[in-house]
$ cat start.cif   # mmCIF, C-alpha atoms
data_coords
loop_
_atom_site.label_atom_id
_atom_site.label_comp_id
_atom_site.auth_asym_id
_atom_site.auth_seq_id
_atom_site.Cartn_x
_atom_site.Cartn_y
_atom_site.Cartn_z
CA SER D 187 -69.69 80.72 21.75
CA ALA D 188 -69.69 83.80 23.97
CA VAL D 189 -72.18 86.58 23.26
CA ILE D 190 -70.65 90.02 23.69
CA SER D 191 -72.66 93.20 24.08
CA GLN D 192 -71.11 96.62 23.74
CA LYS D 193 -72.65 99.94 24.70
CA PRO D 194 -73.01 102.45 23.22
CA SER D 195 -73.02 101.24 19.63
CA ARG D 196 -72.09 104.71 18.45
CA ASP D 197 -71.66 108.21 19.77
CA ILE D 198 -70.68 111.68 18.65
CA CYS D 199 -68.68 113.55 21.26
CA GLN D 200 -67.19 116.96 21.75
CA ARG D 201 -63.46 117.53 21.84
CA GLY D 202 -62.04 117.37 25.36
CA THR D 203 -64.75 115.16 26.82
CA SER D 204 -64.51 111.52 27.90
CA LEU D 205 -66.63 108.50 27.04
CA THR D 206 -66.88 105.14 28.76
CA ILE D 207 -67.62 102.07 26.65
CA GLN D 208 -69.08 98.99 28.30
CA CYS D 209 -68.50 95.37 27.34
CA GLN D 210 -70.71 92.64 28.79
CA VAL D 211 -70.17 88.92 28.17
CA ASP D 212 -72.78 86.23 28.77
CA SER D 213 -70.28 83.86 30.37
CA GLN D 214 -67.23 84.11 32.58
CA VAL D 215 -64.02 84.63 30.62
CA THR D 216 -60.46 85.02 31.70
CA MET D 217 -59.14 87.17 28.88
CA MET D 218 -60.79 90.33 27.63
CA PHE D 219 -59.18 92.59 25.09
CA TRP D 220 -59.83 96.09 23.75
CA TYR D 221 -58.97 96.97 20.14
CA ARG D 222 -59.14 100.14 18.10
CA GLN D 223 -59.91 100.33 14.40
CA GLN D 224 -59.12 103.71 12.91
CA PRO D 225 -60.88 104.72 9.68
CA GLY D 226 -59.76 102.53 6.81
CA GLN D 227 -57.33 100.64 9.02
CA SER D 228 -57.14 97.22 10.58
CA LEU D 229 -57.48 96.46 14.27
CA THR D 230 -54.81 97.38 16.82
CA LEU D 231 -54.72 96.01 20.34
CA ILE D 232 -55.05 98.69 23.01
CA ALA D 233 -54.80 96.58 26.13
CA THR D 234 -55.61 93.33 27.85
CA ALA D 235 -58.15 93.70 30.65
CA ASN D 236 -57.19 91.51 33.59
CA GLN D 237 -59.69 90.67 36.32
CA GLY D 238 -58.39 91.78 39.69
CA SER D 239 -55.30 93.56 38.43
CA GLU D 240 -54.20 96.47 36.28
CA ALA D 241 -54.72 96.27 32.54
CA THR D 242 -51.72 95.54 30.33
CA TYR D 243 -51.26 98.23 27.69
CA GLU D 244 -49.61 97.94 24.30
CA SER D 245 -46.92 100.29 23.12
CA GLY D 246 -48.41 103.64 22.21
CA PHE D 247 -51.38 103.36 24.57
CA VAL D 248 -51.36 104.69 28.14
CA ILE D 249 -53.60 104.29 31.13
CA ASP D 250 -54.26 108.01 31.53
CA LYS D 251 -55.74 108.16 28.04
CA PHE D 252 -57.50 104.78 28.03
CA PRO D 253 -58.33 103.72 31.59
CA ILE D 254 -59.80 100.24 31.78
CA SER D 255 -61.79 98.53 34.50
CA ARG D 256 -62.43 94.80 34.90
CA PRO D 257 -64.50 94.36 38.05
CA ASN D 258 -65.50 90.74 37.35
CA LEU D 259 -65.19 87.92 34.81
CA THR D 260 -68.10 89.10 32.63
CA PHE D 261 -67.68 92.86 32.39
CA SER D 262 -65.14 95.50 31.38
CA THR D 263 -65.12 99.18 30.52
CA LEU D 264 -62.82 101.28 28.38
CA THR D 265 -62.77 105.05 28.82
CA VAL D 266 -61.47 107.30 26.08
CA SER D 267 -60.32 110.42 27.91
CA ASN D 268 -59.87 114.01 26.78
CA MET D 269 -60.96 113.10 23.27
CA SER D 270 -59.62 114.69 20.11
CA PRO D 271 -60.61 114.12 16.47
CA GLU D 272 -57.74 111.60 16.19
CA ASP D 273 -59.66 109.34 18.59
CA SER D 274 -62.46 108.90 16.06
CA SER D 275 -62.43 105.14 15.57
CA ILE D 276 -64.32 101.94 16.15
CA TYR D 277 -63.51 100.46 19.55
CA LEU D 278 -64.06 96.71 19.89
CA CYS D 279 -64.10 94.40 22.85
CA SER D 280 -63.18 90.75 22.45
CA VAL D 281 -62.91 87.73 24.66
CA GLY D 282 -60.16 85.19 24.45
CA ALA D 283 -60.61 81.45 24.31
CA SER D 284 -60.54 79.88 27.73
CA ALA D 285 -60.80 76.32 26.41
CA GLY D 286 -57.62 76.12 24.44
CA ALA D 287 -56.36 76.74 20.94
CA SER D 288 -59.42 75.27 19.27
CA GLN D 289 -61.78 78.03 20.36
CA PRO D 290 -61.99 81.22 18.33
CA GLN D 291 -61.82 84.69 19.76
CA HIS D 292 -65.12 86.54 19.54
CA PHE D 293 -65.83 90.22 19.13
CA GLY D 294 -68.57 92.60 20.08
CA ASP D 295 -70.17 94.72 17.36
CA GLY D 296 -67.99 97.66 18.36
CA THR D 297 -68.55 101.27 19.36
CA ARG D 298 -68.28 103.76 16.53
CA LEU D 299 -66.95 106.99 18.01
CA SER D 300 -66.80 110.35 16.23
CA ILE D 301 -65.18 113.39 17.80
CA LEU D 302 -66.16 116.85 16.64
CA LYS P 1442 -42.83 92.01 17.31
CA GLN P 1443 -45.31 90.06 15.20
CA GLU P 1444 -46.26 91.59 11.86
CA VAL P 1445 -49.06 90.29 9.66
CA THR P 1446 -49.35 91.14 5.97
CA GLN P 1447 -52.26 90.43 3.66
CA ILE P 1448 -52.15 90.34 -0.11
CA PRO P 1449 -53.92 91.56 -2.16
CA ALA P 1450 -55.28 94.67 -0.45
CA ALA P 1451 -58.32 94.62 -2.73
CA LEU P 1452 -59.81 92.13 -5.15
CA SER P 1453 -62.73 92.32 -7.56
CA VAL P 1454 -63.94 89.14 -9.24
CA PRO P 1455 -67.01 88.01 -11.18
CA GLU P 1456 -69.46 85.74 -9.43
CA GLY P 1457 -68.57 82.05 -9.54
CA GLU P 1458 -64.81 82.41 -9.48
CA ASN P 1459 -62.60 80.57 -7.05
CA LEU P 1460 -60.19 82.86 -5.25
CA VAL P 1461 -57.28 82.83 -2.82
CA LEU P 1462 -56.45 85.38 -0.17
CA ASN P 1463 -52.95 85.40 1.28
CA CYS P 1464 -51.66 86.10 4.76
CA SER P 1465 -48.08 86.07 6.02
CA PHE P 1466 -46.66 86.55 9.49
CA THR P 1467 -43.15 87.14 10.75
CA ASP P 1468 -43.03 85.14 14.00
CA SER P 1469 -43.88 81.45 13.66
CA ALA P 1470 -44.42 81.02 17.43
CA ILE P 1471 -48.18 81.40 17.17
CA TYR P 1472 -50.98 79.86 19.22
CA ASN P 1473 -53.48 79.84 16.38
CA LEU P 1474 -54.56 81.77 13.29
CA GLN P 1475 -58.03 83.08 12.60
CA TRP P 1476 -59.74 84.40 9.52
CA PHE P 1477 -62.48 86.97 10.06
CA ARG P 1478 -64.99 88.69 7.88
CA GLN P 1479 -65.99 92.31 8.42
CA ASP P 1480 -68.91 93.92 6.65
CA PRO P 1481 -69.00 97.73 6.35
CA GLY P 1482 -69.90 99.37 9.65
CA LYS P 1483 -70.08 96.01 11.41
CA GLY P 1484 -68.05 94.00 13.87
CA LEU P 1485 -66.01 90.90 13.11
CA THR P 1486 -67.35 87.46 12.29
CA SER P 1487 -65.01 84.54 12.89
CA LEU P 1488 -64.81 82.31 9.79
CA LEU P 1489 -62.13 79.74 10.50
CA LEU P 1490 -59.57 79.02 13.16
CA ILE P 1491 -56.47 76.92 12.58
CA GLN P 1492 -54.55 75.69 15.58
CA SER P 1493 -50.77 75.94 15.35
CA SER P 1494 -50.53 72.13 15.08
CA GLN P 1495 -53.01 71.94 12.18
CA ARG P 1496 -52.52 72.34 8.44
CA GLU P 1497 -55.99 73.33 7.31
CA GLN P 1498 -59.62 73.87 8.23
CA THR P 1499 -62.73 73.82 6.09
CA SER P 1500 -66.18 75.32 6.49
CA GLY P 1501 -68.56 75.11 3.57
CA ARG P 1502 -67.03 76.93 0.60
CA LEU P 1503 -64.12 78.17 2.71
CA ASN P 1504 -60.81 76.43 3.22
CA ALA P 1505 -57.91 77.86 5.18
CA SER P 1506 -54.42 76.45 5.21
CA LEU P 1507 -51.50 77.11 7.50
CA ASP P 1508 -47.78 76.63 6.93
CA LYS P 1509 -46.39 77.77 10.23
CA SER P 1510 -42.75 77.17 9.39
CA SER P 1511 -42.92 79.53 6.42
CA GLY P 1512 -45.26 81.98 8.15
CA ARG P 1513 -48.07 81.71 5.61
CA SER P 1514 -51.78 81.09 5.49
CA THR P 1515 -54.24 81.13 2.62
CA LEU P 1516 -58.01 81.44 2.57
CA TYR P 1517 -59.61 79.74 -0.40
CA ILE P 1518 -63.16 80.73 -1.33
CA ALA P 1519 -64.87 78.44 -3.82
CA ALA P 1520 -67.59 79.55 -6.22
CA SER P 1521 -67.69 83.11 -4.96
CA GLN P 1522 -71.03 84.88 -4.53
CA PRO P 1523 -71.98 88.57 -4.24
CA GLY P 1524 -72.78 87.93 -0.58
CA ASP P 1525 -69.11 87.14 -0.03
CA SER P 1526 -68.28 90.81 -0.62
CA ALA P 1527 -66.62 92.06 2.56
CA THR P 1528 -63.21 92.72 4.08
CA TYR P 1529 -61.37 89.58 5.13
CA LEU P 1530 -58.94 89.84 8.00
CA CYS P 1531 -56.24 87.41 9.03
CA ALA P 1532 -55.08 87.45 12.66
CA VAL P 1533 -52.55 85.43 14.62
CA SER P 1534 -52.68 84.75 18.33
CA ASP P 1535 -49.55 84.79 20.42
CA THR P 1536 -48.69 81.98 22.79
CA GLY P 1537 -48.80 84.16 25.90
CA ARG P 1538 -51.80 86.41 26.40
CA ARG P 1539 -53.39 85.13 23.20
CA ALA P 1540 -54.10 88.62 21.96
CA LEU P 1541 -54.52 88.93 18.21
CA THR P 1542 -52.29 90.71 15.73
CA PHE P 1543 -54.24 91.61 12.61
CA GLY P 1544 -53.30 92.05 9.01
CA SER P 1545 -54.57 95.06 7.11
CA GLY P 1546 -57.22 93.03 5.34
CA THR P 1547 -58.30 92.17 1.81
CA ARG P 1548 -61.35 94.03 0.52
CA LEU P 1549 -63.28 91.62 -1.71
CA GLN P 1550 -65.93 92.63 -4.20
CA VAL P 1551 -67.80 89.89 -6.04
CA GLN P 1552 -69.61 91.20 -9.09
CA PRO P 1553 -72.99 89.65 -9.96
#
$ encode --input "start.cif" --output "structure tokens"
Amino acid sequence: SAVISQKPSRDICQRGTSLTIQCQVDSQVTMMFWYRQQPGQSLTLIATANQGSEATYESGFVIDKFPISRPNLTFSTLTVSNMSPEDSSIYLCSVGASAGASQPQHFGDGTRLSIL
Amino acid sequence: KQEVTQIPAALSVPEGENLVLNCSFTDSAIYNLQWFRQDPGKGLTSLLLIQSSQREQTSGRLNASLDKSSGRSTLYIAASQPGDSATYLCAVSDTGRRALTFGSGTRLQVQP
């Protein structure tokens, strides 16, 4: 199974600043996803990171707020821009199964973000 | 739009009990269904995956079933232990991008 590393694991940021979260996978994967988990909530998909093309965003999430890069098949970044306290969440990267329906989707340990 | 519901939201049982967690989804056109475990402050650990063509999967004391036509899945935990205490999340994968739609989770507490 893929090993996913996220950096940073946690951060405390000031209102109005931006933070870039990195996601590194130990193998080439086609699908990479970014999720948000707000306090006490379940996970919500932010966007699908596509290699070589623009990310696909879910309803309620926009590129200006959450720009995503996917420069190659093992790496992606998510930036949380102009942060406010409402952005305090855990942000998780995951990789989709490239070998069919029998392979599970795996997650990084997440980035715990607090905005003051 | 796919919606996933998990019942109960929280469950507290004494050690040794067998228990069932329920998951329902609104759109039966799924690629697969996964059950995850999340410990406080941690990421997600994949427990079981059921392909859309399968009825159940087993791993140790865990058994997950899938009834795609009725939009239901159950996670059965046998002989529960305090170490099973965690939040259990059900998620379904769509047939396109294969992104996951998550339920709100069941918070399980197993009392020693």
$ residues_around --input "start.cif" --residues "Lys251 of chain D" --least-positions-apart "5" --cutoff "9 Å" --atoms "all atoms listed in the file" --output "list of chain:residue names"
D:Thr265, D:Val266, D:Ser267, D:Asn268, D:Met269
$ resolve_selection --input "start.cif" --expression "the PyMOL selection byres ((chain P and resi 1470-1479) around 8)" --output "list in words"
Ala287 and Pro290 of chain D; Asp1468, Ser1469, Asp1480, Pro1481, Lys1483, Gly1484, Leu1485, Thr1486, Ser1487, Leu1488, Leu1489, Leu1490, Ile1491, Gln1492, Ser1493, Leu1516, Ala1527, Thr1528, Tyr1529, Leu1530, Cys1531, Ala1532, Val1533, Ser1534, Asp1535, Thr1536 and Arg1539 of chain P
$ residues_around --input "start.cif" --residues "Ser1506 of chain P" --least-positions-apart "3" --cutoff "8 Å" --atoms "all atoms listed in the file" --output "compact mmCIF listing (two decimals) with C-alpha atoms, in the frame of the given file"
# COMPACT_ATOMS: atom_id res chain seq x y z
CA ILE P 1491 -56.47 76.92 12.58
CA ARG P 1496 -52.52 72.34 8.44
CA GLU P 1497 -55.99 73.33 7.31
CA GLN P 1498 -59.62 73.87 8.23
CA SER P 1514 -51.78 81.09 5.49
CA THR P 1515 -54.24 81.13 2.62
CA LEU P 1516 -58.01 81.44 2.57
$ atom_distance --input "start.cif" --atom1 "atom CA of Thr1446 of chain P" --atom2 "atom CA of Leu229 of chain D"
12.8 Å
$ interface_residues --input "start.cif" --of "chain D" --to "chain P" --cutoff "10 Å" --atoms "all atoms listed in the file" --output "PyMOL selection string"
chain D and resi 217-221+226-231+233-234+242+276-284+286-298
$ residues_around --input "start.cif" --residues "Thr1467 of chain P" --least-positions-apart "2" --cutoff "8 Å" --atoms "only C-alpha atoms" --output "list in words"
Gln1443, Glu1444, Val1445, Ser1465, Ser1469 and Gly1512 of chain P
$ atom_distance --input "start.cif" --atom1 "atom CA of Phe1466 of chain P" --atom2 "atom CA of Pro225 of chain D"
23.1 Å
$ atom_distance --input "start.cif" --atom1 "atom CA of Glu272 of chain D" --atom2 "atom CA of Glu244 of chain D"
17.8 Å
$ closest_residue --input "start.cif" --among "D:Gly238, D:Pro194, D:Gly246, D:Pro271" --to "Ser300 of chain D" --atoms "only C-alpha atoms"
D:Pro271
$ resolve_selection --input "start.cif" --expression "the PyMOL selection byres ((chain P and resi 1501) around 12)" --output "PyMOL selection string"
chain P and resi 1488-1489+1498-1500+1502-1505+1517-1521
$ write_last_selection --input "start.cif" --atoms "C-alpha atoms" --output "CSV table (one decimal), in the frame of the given file"
chain,number,residue,atom,x,y,z
P,1488,LEU,CA,-64.8,82.3,9.8
P,1489,LEU,CA,-62.1,79.7,10.5
P,1498,GLN,CA,-59.6,73.9,8.2
P,1499,THR,CA,-62.7,73.8,6.1
P,1500,SER,CA,-66.2,75.3,6.5
P,1502,ARG,CA,-67.0,76.9,0.6
P,1503,LEU,CA,-64.1,78.2,2.7
P,1504,ASN,CA,-60.8,76.4,3.2
P,1505,ALA,CA,-57.9,77.9,5.2
P,1517,TYR,CA,-59.6,79.7,-0.4
P,1518,ILE,CA,-63.2,80.7,-1.3
P,1519,ALA,CA,-64.9,78.4,-3.8
P,1520,ALA,CA,-67.6,79.6,-6.2
P,1521,SER,CA,-67.7,83.1,-5.0
$ resolve_selection --input "start.cif" --expression "the PyMOL selection byres ((chain P and resi 1449) around 8)" --output "PyMOL selection string"
chain P and resi 1447-1448+1450-1452+1462-1463+1547
$ axis_aligned_box --input "start.cif" --around "segment 222-231 of chain D" --padding-each-side "4 Å" --output "JSON"
{"center_x": -57.8, "center_y": 100.4, "center_z": 13.6, "size_x": 14.2, "size_y": 16.7, "size_z": 21.5}
$ closest_atom_pairs --input "start.cif" --of "segment 228-282 of chain D" --to "segment 207-212 of chain D" --cutoff "6 Å" --atoms "all atoms listed in the file" --output "JSON lines"
{"residue": "D:Thr260", "atom": "CA", "partner": "D:Val211", "partner_atom": "CA", "distance": 4.9}
{"residue": "D:Phe261", "atom": "CA", "partner": "D:Gln210", "partner_atom": "CA", "distance": 4.7}
{"residue": "D:Ser262", "atom": "CA", "partner": "D:Cys209", "partner_atom": "CA", "distance": 5.3}
{"residue": "D:Thr263", "atom": "CA", "partner": "D:Gln208", "partner_atom": "CA", "distance": 4.5}
{"residue": "D:Leu264", "atom": "CA", "partner": "D:Ile207", "partner_atom": "CA", "distance": 5.2}
$ closest_residue --input "start.cif" --among "P:Gly1537, P:Lys1509, P:Glu1456, P:Asp1525" --to "Leu1549 of chain P" --atoms "all atoms listed in the file"
P:Asp1525
